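Source file: structure.txt (compact mmCIF, C-alpha atoms)
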# COMPACT_ATOMS: atom_id res chain seq x y z
CA MET H 1 18.71 -11.66 12.69
CA SER H 2 22.17 -11.18 11.16
CA PRO H 3 23.29 -9.76 7.81
CA GLY H 4 22.99 -12.40 5.10
CA ASP H 5 20.28 -14.40 6.90
CA VAL H 6 17.79 -15.86 4.45
CA LEU H 7 14.36 -15.75 6.07
CA PRO H 8 11.90 -18.65 5.67
CA GLU H 9 9.96 -18.34 2.43
CA GLN H 10 6.24 -17.62 2.89
CA THR H 11 3.58 -18.69 0.38
CA TYR H 12 0.12 -17.12 0.43
CA THR H 13 -2.79 -18.17 -1.76
CA VAL H 14 -4.91 -15.32 -3.11
CA THR H 15 -8.49 -15.92 -4.27
CA ARG H 16 -11.22 -13.63 -5.58
CA ALA H 17 -12.87 -13.79 -2.15
CA ASP H 18 -9.70 -12.29 -0.62
CA LEU H 19 -9.88 -9.38 -3.05
CA VAL H 20 -13.53 -8.73 -2.23
CA ARG H 21 -12.69 -8.74 1.47
CA TYR H 22 -9.70 -6.43 0.90
CA ALA H 23 -11.75 -4.02 -1.23
CA GLY H 24 -14.27 -3.71 1.58
CA VAL H 25 -11.76 -3.17 4.34
CA SER H 26 -9.47 -0.80 2.40
CA GLY H 27 -12.16 1.25 0.67
CA ASP H 28 -10.52 0.65 -2.73
CA PHE H 29 -13.45 -0.43 -4.90
CA ASN H 30 -11.72 -0.02 -8.25
CA PRO H 31 -13.59 -2.58 -10.43
CA ILE H 32 -10.35 -3.93 -11.98
CA HIS H 33 -10.07 -5.80 -8.66
CA TRP H 34 -13.43 -7.58 -8.95
CA SER H 35 -14.83 -7.31 -12.50
CA ASP H 36 -13.30 -9.25 -15.41
CA ARG H 37 -15.37 -7.12 -17.77
CA VAL H 38 -13.79 -3.87 -16.55
CA ALA H 39 -10.30 -5.38 -16.12
CA THR H 40 -10.17 -6.72 -19.69
CA SER H 41 -11.62 -3.47 -21.06
CA VAL H 42 -8.50 -1.64 -19.82
CA GLY H 43 -6.14 -4.23 -21.31
CA LEU H 44 -5.54 -6.46 -18.27
CA PRO H 45 -5.69 -10.27 -18.66
CA GLY H 46 -8.37 -10.36 -15.95
CA VAL H 47 -9.07 -9.28 -12.40
CA ILE H 48 -5.86 -8.31 -10.58
CA ALA H 49 -5.04 -8.02 -6.89
CA HIS H 50 -4.75 -4.58 -5.33
CA GLY H 51 -1.05 -3.66 -5.25
CA MET H 52 -1.60 -2.76 -1.61
CA TYR H 53 -2.97 -6.24 -0.96
CA THR H 54 0.28 -7.74 -2.25
CA LEU H 55 2.27 -5.29 -0.11
CA ALA H 56 0.11 -6.32 2.87
CA LEU H 57 1.20 -9.93 2.22
CA ALA H 58 4.82 -8.78 2.33
CA ALA H 59 4.04 -7.06 5.65
CA ARG H 60 2.46 -10.32 6.86
CA ALA H 61 5.69 -12.18 6.10
CA LEU H 62 7.69 -9.51 7.97
CA GLU H 63 5.37 -9.90 10.95
CA THR H 64 5.96 -13.67 10.89
CA TRP H 65 9.74 -13.23 10.69
CA ALA H 66 9.76 -10.54 13.39
CA GLY H 67 7.69 -12.79 15.66
CA GLU H 68 5.29 -10.00 16.58
CA PRO H 69 3.31 -7.18 14.95
CA GLY H 70 4.38 -3.54 15.30
CA ARG H 71 8.08 -3.83 14.51
CA VAL H 72 7.98 -2.42 10.98
CA VAL H 73 9.43 1.11 10.92
CA GLU H 74 9.76 1.38 7.16
CA LEU H 75 8.13 -0.48 4.26
CA GLY H 76 7.92 0.28 0.58
CA CYS H 77 7.89 -1.00 -3.00
CA LYS H 78 7.08 -0.17 -6.58
CA PHE H 79 4.07 -1.87 -8.15
CA THR H 80 5.62 -3.41 -11.24
CA LYS H 81 3.58 -6.43 -12.40
CA PRO H 82 -0.05 -7.31 -11.74
CA VAL H 83 -1.06 -10.42 -9.76
CA VAL H 84 -3.81 -11.93 -11.91
CA VAL H 85 -6.32 -13.78 -9.74
CA PRO H 86 -8.43 -16.46 -11.49
CA ASP H 87 -12.15 -16.90 -10.89
CA ASP H 88 -11.86 -20.34 -9.29
CA ASP H 89 -11.53 -21.91 -5.84
CA THR H 90 -7.78 -22.49 -6.18
CA GLY H 91 -6.57 -18.92 -6.58
CA VAL H 92 -2.95 -18.04 -7.21
CA ASP H 93 0.14 -18.23 -5.00
CA VAL H 94 2.23 -15.22 -4.00
CA VAL H 95 5.64 -16.07 -2.57
CA VAL H 96 7.50 -13.70 -0.22
CA ARG H 97 11.24 -14.15 0.36
CA GLY H 98 13.48 -12.01 2.51
CA THR H 99 17.16 -11.52 3.19
CA VAL H 100 18.65 -9.51 6.05
CA LYS H 101 20.85 -6.81 4.54
CA ASP H 102 22.04 -4.84 7.48
CA VAL H 103 21.65 -4.68 11.25
CA THR H 104 22.31 -1.35 12.99
CA ASP H 105 21.00 0.54 16.01
CA ALA H 106 18.42 2.01 13.64
CA GLY H 107 17.01 -1.42 12.87
CA VAL H 108 17.14 -4.52 10.73
CA SER H 109 17.08 -3.79 7.01
CA VAL H 110 15.35 -6.54 5.01
CA SER H 111 15.42 -6.92 1.26
CA LEU H 112 12.32 -8.69 -0.05
CA GLU H 113 11.40 -10.59 -3.18
CA VAL H 114 7.71 -11.01 -3.95
CA THR H 115 6.83 -13.29 -6.85
CA CYS H 116 3.81 -14.79 -8.56
CA GLY H 117 4.70 -17.62 -10.93
CA ASP H 118 8.10 -16.68 -12.35
CA GLU H 119 7.56 -12.94 -12.11
CA LYS H 120 8.58 -10.41 -9.52
CA VAL H 121 5.36 -8.49 -8.87
CA LEU H 122 6.82 -5.82 -6.58
CA GLY H 123 9.83 -3.69 -7.50
CA MET H 124 12.56 -3.20 -4.91
CA PRO H 125 10.41 -4.18 -1.93
CA ARG H 126 12.28 -3.46 1.28
CA ALA H 127 11.60 -2.92 4.94
CA VAL H 128 13.26 -1.91 8.16
CA LEU H 129 12.31 -3.63 11.42
CA ARG H 130 12.86 -2.04 14.79
CA ALA H 131 15.93 -3.62 16.34
CA MET U 1 -4.67 17.22 -20.47
CA PRO U 2 -1.79 17.34 -18.00
CA VAL U 3 -2.43 18.59 -14.50
CA ASP U 4 -1.40 22.18 -13.83
CA ALA U 5 2.24 22.73 -12.80
CA SER U 6 1.03 24.75 -9.80
CA LEU U 7 0.03 21.44 -8.16
CA ALA U 8 3.67 20.89 -7.16
CA GLY U 9 4.25 21.92 -3.57
CA ARG U 10 0.55 22.24 -2.77
CA THR U 11 -0.67 20.97 0.61
CA PHE U 12 -4.31 19.93 0.91
CA PRO U 13 -6.53 20.26 4.00
CA PRO U 14 -6.37 17.34 6.47
CA THR U 15 -8.79 14.47 5.91
CA THR U 16 -11.84 14.09 8.15
CA PRO U 17 -10.65 12.47 11.42
CA TYR U 18 -10.80 8.68 11.26
CA THR U 19 -11.32 6.75 14.50
CA VAL U 20 -9.62 3.36 14.48
CA SER U 21 -11.71 0.60 16.07
CA HIS U 22 -10.78 -2.90 17.24
CA GLU U 23 -13.36 -4.30 14.83
CA LYS U 24 -11.81 -2.53 11.85
CA LEU U 25 -8.31 -3.70 12.76
CA LEU U 26 -9.61 -7.25 13.15
CA GLU U 27 -11.30 -7.06 9.73
CA PHE U 28 -8.13 -5.65 8.15
CA ALA U 29 -6.00 -8.37 9.74
CA ARG U 30 -8.41 -11.09 8.59
CA ALA U 31 -8.50 -9.71 5.04
CA THR U 32 -4.72 -9.76 4.78
CA GLY U 33 -4.11 -12.91 6.86
CA SER U 34 -2.23 -10.91 9.48
CA SER U 35 -2.58 -11.30 13.21
CA TYR U 36 -4.21 -8.76 15.49
CA ASP U 37 -4.13 -9.30 19.23
CA GLY U 38 -5.50 -5.93 20.36
CA GLY U 39 -2.08 -4.29 20.04
CA PRO U 40 -0.35 -2.83 16.97
CA ALA U 41 -2.27 -2.66 13.68
CA PRO U 42 -0.97 -4.54 10.62
CA ALA U 43 1.77 -2.42 9.02
CA THR U 44 -0.12 -1.40 5.89
CA PHE U 45 -3.28 -0.36 7.78
CA PRO U 46 -2.46 3.40 7.47
CA ILE U 47 -3.24 3.09 3.75
CA VAL U 48 -6.91 3.33 4.76
CA VAL U 49 -6.32 6.92 5.92
CA ALA U 50 -3.76 7.76 3.22
CA PHE U 51 -6.14 6.42 0.55
CA GLN U 52 -8.75 8.93 1.71
CA ALA U 53 -6.23 11.77 1.30
CA MET U 54 -5.34 10.52 -2.20
CA THR U 55 -9.02 10.16 -3.11
CA ASP U 56 -9.66 13.74 -1.95
CA LEU U 57 -6.78 14.90 -4.18
CA MET U 58 -8.00 12.92 -7.19
CA GLN U 59 -11.57 14.15 -6.78
CA ASP U 60 -10.64 17.81 -6.24
CA PRO U 61 -12.13 19.60 -9.28
CA THR U 62 -9.37 22.25 -9.20
CA VAL U 63 -6.67 19.59 -9.72
CA GLY U 64 -7.91 18.04 -12.95
CA ILE U 65 -7.10 14.37 -12.40
CA SER U 66 -9.26 11.77 -14.15
CA LEU U 67 -9.66 8.97 -11.63
CA HIS U 68 -9.90 6.15 -14.16
CA ARG U 69 -6.50 7.08 -15.64
CA VAL U 70 -4.58 6.87 -12.35
CA VAL U 71 -2.24 3.98 -11.55
CA HIS U 72 -0.56 3.49 -8.16
CA GLY U 73 3.15 3.51 -9.05
CA ASP U 74 4.78 2.99 -5.70
CA GLN U 75 4.10 3.19 -1.98
CA ARG U 76 6.32 3.66 1.03
CA PHE U 77 5.59 4.06 4.73
CA THR U 78 7.80 5.34 7.53
CA TYR U 79 6.38 4.80 11.01
CA THR U 80 6.90 6.86 14.14
CA ARG U 81 4.75 4.36 16.04
CA PRO U 82 2.26 1.63 15.13
CA VAL U 83 -1.43 2.50 14.80
CA VAL U 84 -3.58 1.20 17.67
CA ALA U 85 -7.32 1.04 18.29
CA GLY U 86 -8.67 4.32 19.64
CA ASP U 87 -6.39 6.44 17.46
CA GLU U 88 -8.11 9.37 15.78
CA LEU U 89 -6.09 9.85 12.60
CA THR U 90 -5.93 12.53 9.95
CA ALA U 91 -3.82 12.58 6.80
CA THR U 92 -2.46 15.81 5.35
CA LEU U 93 -1.31 15.38 1.76
CA THR U 94 1.37 17.44 0.04
CA VAL U 95 2.34 17.10 -3.61
CA ASP U 96 6.12 16.79 -3.28
CA SER U 97 6.92 16.47 -6.95
CA LEU U 98 5.32 16.66 -10.36
CA ARG U 99 6.92 15.53 -13.61
CA GLN U 100 5.58 14.87 -17.08
CA ILE U 101 6.95 11.79 -18.84
CA GLY U 102 5.60 10.49 -22.14
CA GLY U 103 2.26 12.22 -21.74
CA ALA U 104 1.78 11.02 -18.17
CA ASP U 105 1.87 13.08 -14.98
CA ILE U 106 4.05 11.50 -12.31
CA ILE U 107 2.66 12.86 -9.05
CA GLY U 108 4.76 12.31 -5.92
CA THR U 109 2.60 12.62 -2.81
CA ARG U 110 3.39 12.60 0.90
CA SER U 111 0.62 12.12 3.46
CA GLU U 112 1.52 12.98 7.03
CA ILE U 113 -0.68 10.90 9.31
CA ALA U 114 -1.12 12.33 12.78
CA ASP U 115 -3.14 11.49 15.90
CA ALA U 116 -5.71 13.67 17.71
CA ASP U 117 -2.89 15.54 19.53
CA GLY U 118 -1.28 16.34 16.19
CA LYS U 119 1.62 14.00 16.95
CA PRO U 120 3.08 12.13 13.96
CA VAL U 121 2.19 8.45 13.57
CA CYS U 122 3.22 7.57 10.04
CA THR U 123 4.19 9.13 6.74
CA ALA U 124 2.81 7.54 3.58
CA PHE U 125 4.58 8.34 0.30
CA ALA U 126 2.78 7.39 -2.92
CA THR U 127 3.54 7.99 -6.56
CA LEU U 128 0.43 8.34 -8.69
CA VAL U 129 0.84 7.90 -12.44
CA HIS U 130 -1.82 9.89 -14.27
CA LYS U 131 -1.88 8.71 -17.86
CA GLY U 132 -2.66 11.24 -20.55
CA ALA U 133 -5.65 10.63 -22.82
CA ASP U 134 -3.39 9.14 -25.51
CA ALA U 135 -0.84 7.46 -23.22
Reformat the file's structure so that it appears as structure tokens.
Amino acid sequence: MSPGDVLPEQTYTVTRADLVRYAGVSGDFNPIHWSDRVATSVGLPGVIAHGMYTLALAARALETWAGEPGRVVELGCKFTKPVVVPDDDTGVDVVVRGTVKDVTDAGVSVSLEVTCGDEKVLGMPRAVLRA
Amino acid sequence: MPVDASLAGRTFPPTTPYTVSHEKLLEFARATGSSYDGGPAPATFPIVVAFQAMTDLMQDPTVGISLHRVVHGDQRFTYTRPVVAGDELTATLTVDSLRQIGGADIIGTRSEIADADGKPVCTAFATLVHKGADA
């Protein structure tokens, strides 16, 4: 990886079943991630993905680009916009893009862009991979 | 009601030790579409332990946070090494910063995740936005 490299775009489809599975494995059972009734009662358009699920998808893309798991030494983002997941079999697509910013002895700095539809759903997502 | 200013700088007791199993890592990898080959855990796996530390903080009656008014503002991890099966992990949470903006408490937390020997594995930084009753 060299500075300026644009990494291959990754598209992941998110369905309600994914959110149920993620709730179970993460221990985050907040009902806004599985109940339309609760989600709409707090002003959301419907059930939304866990922010950490979306960040896990960004980590999945990094793993793909790095060619192996275990190379992430830093990863972070702000949770800016919700990913609304419809109650159907189609789900919604989350797209992860990455650009190599910097390569030093400390590692490979990657700037990410994570979108759903036309919106960036994570704010300033970035990561550092072990060199 | 805002949380008390004395929360800033407070360190909470470590979470109950969490033993990482192959099965759990496989389930986590499947849930997030990641790969797990018996080696390093998916990068965001430490949230499982950090989430426990944050839950302990939010449920501590001396802190005064109402769980249903908390939003996860941001999250960042720095890793000393990847998590692997067999690790016995604890998270020790410190409130690094506390600000009040527009009726909301902005709570900056840092959870130091360590193994059974007390050696650092990962640090998880999270900002929790605690909305006031009218915010």
Quick one: everything within 8 Å of H:Ala59, counting all atoms listed in the file, minus sequence neighbours fewer than 5 positions away in the same chain. Send it as a PDB file with C-alpha atoms, in the coordinates of the input.
ATOM      1  CA  LEU H  75       8.130  -0.480   4.260  1.00  0.00           C
TER       2      LEU H  75
ATOM      3  CA  PRO U  42      -0.970  -4.540  10.620  1.00  0.00           C
ATOM      4  CA  ALA U  43       1.770  -2.420   9.020  1.00  0.00           C
ATOM      5  CA  THR U  44      -0.120  -1.400   5.890  1.00  0.00           C
TER       6      THR U  44
END
Distance limit 10 Å, atoms considered: only C-alpha atoms. Which chain H residues sit that close to chain U? Return them as a PDB file with C-alpha atoms, in the coordinates of the input.
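Okay, this is what ended up in out.pdb:
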ATOM      1  CA  TYR H  12       0.120 -17.120   0.430  1.00  0.00           C
ATOM      2  CA  VAL H  14      -4.910 -15.320  -3.110  1.00  0.00           C
ATOM      3  CA  ALA H  17     -12.870 -13.790  -2.150  1.00  0.00           C
ATOM      4  CA  ASP H  18      -9.700 -12.290  -0.620  1.00  0.00           C
ATOM      5  CA  LEU H  19      -9.880  -9.380  -3.050  1.00  0.00           C
ATOM      6  CA  VAL H  20     -13.530  -8.730  -2.230  1.00  0.00           C
ATOM      7  CA  ARG H  21     -12.690  -8.740   1.470  1.00  0.00           C
ATOM      8  CA  TYR H  22      -9.700  -6.430   0.900  1.00  0.00           C
ATOM      9  CA  ALA H  23     -11.750  -4.020  -1.230  1.00  0.00           C
ATOM     10  CA  GLY H  24     -14.270  -3.710   1.580  1.00  0.00           C
ATOM     11  CA  VAL H  25     -11.760  -3.170   4.340  1.00  0.00           C
ATOM     12  CA  SER H  26      -9.470  -0.800   2.400  1.00  0.00           C
ATOM     13  CA  GLY H  27     -12.160   1.250   0.670  1.00  0.00           C
ATOM     14  CA  ASP H  28     -10.520   0.650  -2.730  1.00  0.00           C
ATOM     15  CA  ASN H  30     -11.720  -0.020  -8.250  1.00  0.00           C
ATOM     16  CA  VAL H  42      -8.500  -1.640 -19.820  1.00  0.00           C
ATOM     17  CA  HIS H  50      -4.750  -4.580  -5.330  1.00  0.00           C
ATOM     18  CA  GLY H  51      -1.050  -3.660  -5.250  1.00  0.00           C
ATOM     19  CA  MET H  52      -1.600  -2.760  -1.610  1.00  0.00           C
ATOM     20  CA  TYR H  53      -2.970  -6.240  -0.960  1.00  0.00           C
ATOM     21  CA  THR H  54       0.280  -7.740  -2.250  1.00  0.00           C
ATOM     22  CA  LEU H  55       2.270  -5.290  -0.110  1.00  0.00           C
ATOM     23  CA  ALA H  56       0.110  -6.320   2.870  1.00  0.00           C
ATOM     24  CA  LEU H  57       1.200  -9.930   2.220  1.00  0.00           C
ATOM     25  CA  ALA H  58       4.820  -8.780   2.330  1.00  0.00           C
ATOM     26  CA  ALA H  59       4.040  -7.060   5.650  1.00  0.00           C
ATOM     27  CA  ARG H  60       2.460 -10.320   6.860  1.00  0.00           C
ATOM     28  CA  ALA H  61       5.690 -12.180   6.100  1.00  0.00           C
ATOM     29  CA  LEU H  62       7.690  -9.510   7.970  1.00  0.00           C
ATOM     30  CA  GLU H  63       5.370  -9.900  10.950  1.00  0.00           C
ATOM     31  CA  THR H  64       5.960 -13.670  10.890  1.00  0.00           C
ATOM     32  CA  GLU H  68       5.290 -10.000  16.580  1.00  0.00           C
ATOM     33  CA  PRO H  69       3.310  -7.180  14.950  1.00  0.00           C
ATOM     34  CA  GLY H  70       4.380  -3.540  15.300  1.00  0.00           C
ATOM     35  CA  ARG H  71       8.080  -3.830  14.510  1.00  0.00           C
ATOM     36  CA  VAL H  72       7.980  -2.420  10.980  1.00  0.00           C
ATOM     37  CA  VAL H  73       9.430   1.110  10.920  1.00  0.00           C
ATOM     38  CA  GLU H  74       9.760   1.380   7.160  1.00  0.00           C
ATOM     39  CA  LEU H  75       8.130  -0.480   4.260  1.00  0.00           C
ATOM     40  CA  GLY H  76       7.920   0.280   0.580  1.00  0.00           C
ATOM     41  CA  CYS H  77       7.890  -1.000  -3.000  1.00  0.00           C
ATOM     42  CA  LYS H  78       7.080  -0.170  -6.580  1.00  0.00           C
ATOM     43  CA  PHE H  79       4.070  -1.870  -8.150  1.00  0.00           C
ATOM     44  CA  THR H  80       5.620  -3.410 -11.240  1.00  0.00           C
ATOM     45  CA  LEU H 122       6.820  -5.820  -6.580  1.00  0.00           C
ATOM     46  CA  GLY H 123       9.830  -3.690  -7.500  1.00  0.00           C
ATOM     47  CA  MET H 124      12.560  -3.200  -4.910  1.00  0.00           C
ATOM     48  CA  PRO H 125      10.410  -4.180  -1.930  1.00  0.00           C
ATOM     49  CA  ARG H 126      12.280  -3.460   1.280  1.00  0.00           C
ATOM     50  CA  ALA H 127      11.600  -2.920   4.940  1.00  0.00           C
ATOM     51  CA  VAL H 128      13.260  -1.910   8.160  1.00  0.00           C
TER      52      VAL H 128
END
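Pairwise distance (atom CA of H:Arg130, atom CA of H:Asp105) equals 8.6 Å.
Of note, atom CA of H:Thr13 and atom CA of U:Gly38 are spaced 25.4 Å apart.
The neighbours of U:Ala91 here are the residues that come within 7 Å of it, using all atoms listed in the file and leaving out any residue fewer than 4 positions away in the same chain; they are Pro14, Thr15, Val49, Ala50, Ala53, Ser111, Glu112, Ile113 and Ala114 of chain U.
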Draw an axis-aligned box tight on the listed atoms of stretch 17-29 of chain H, then pad every side by 3 Å and write out centre and edge lengths in Å to one decimal as lines of an AutoDock Vina configuration file.
center_x = -11.9
center_y = -6.3
center_z = -0.3
size_x = 10.8
size_y = 21.0
size_z = 15.2
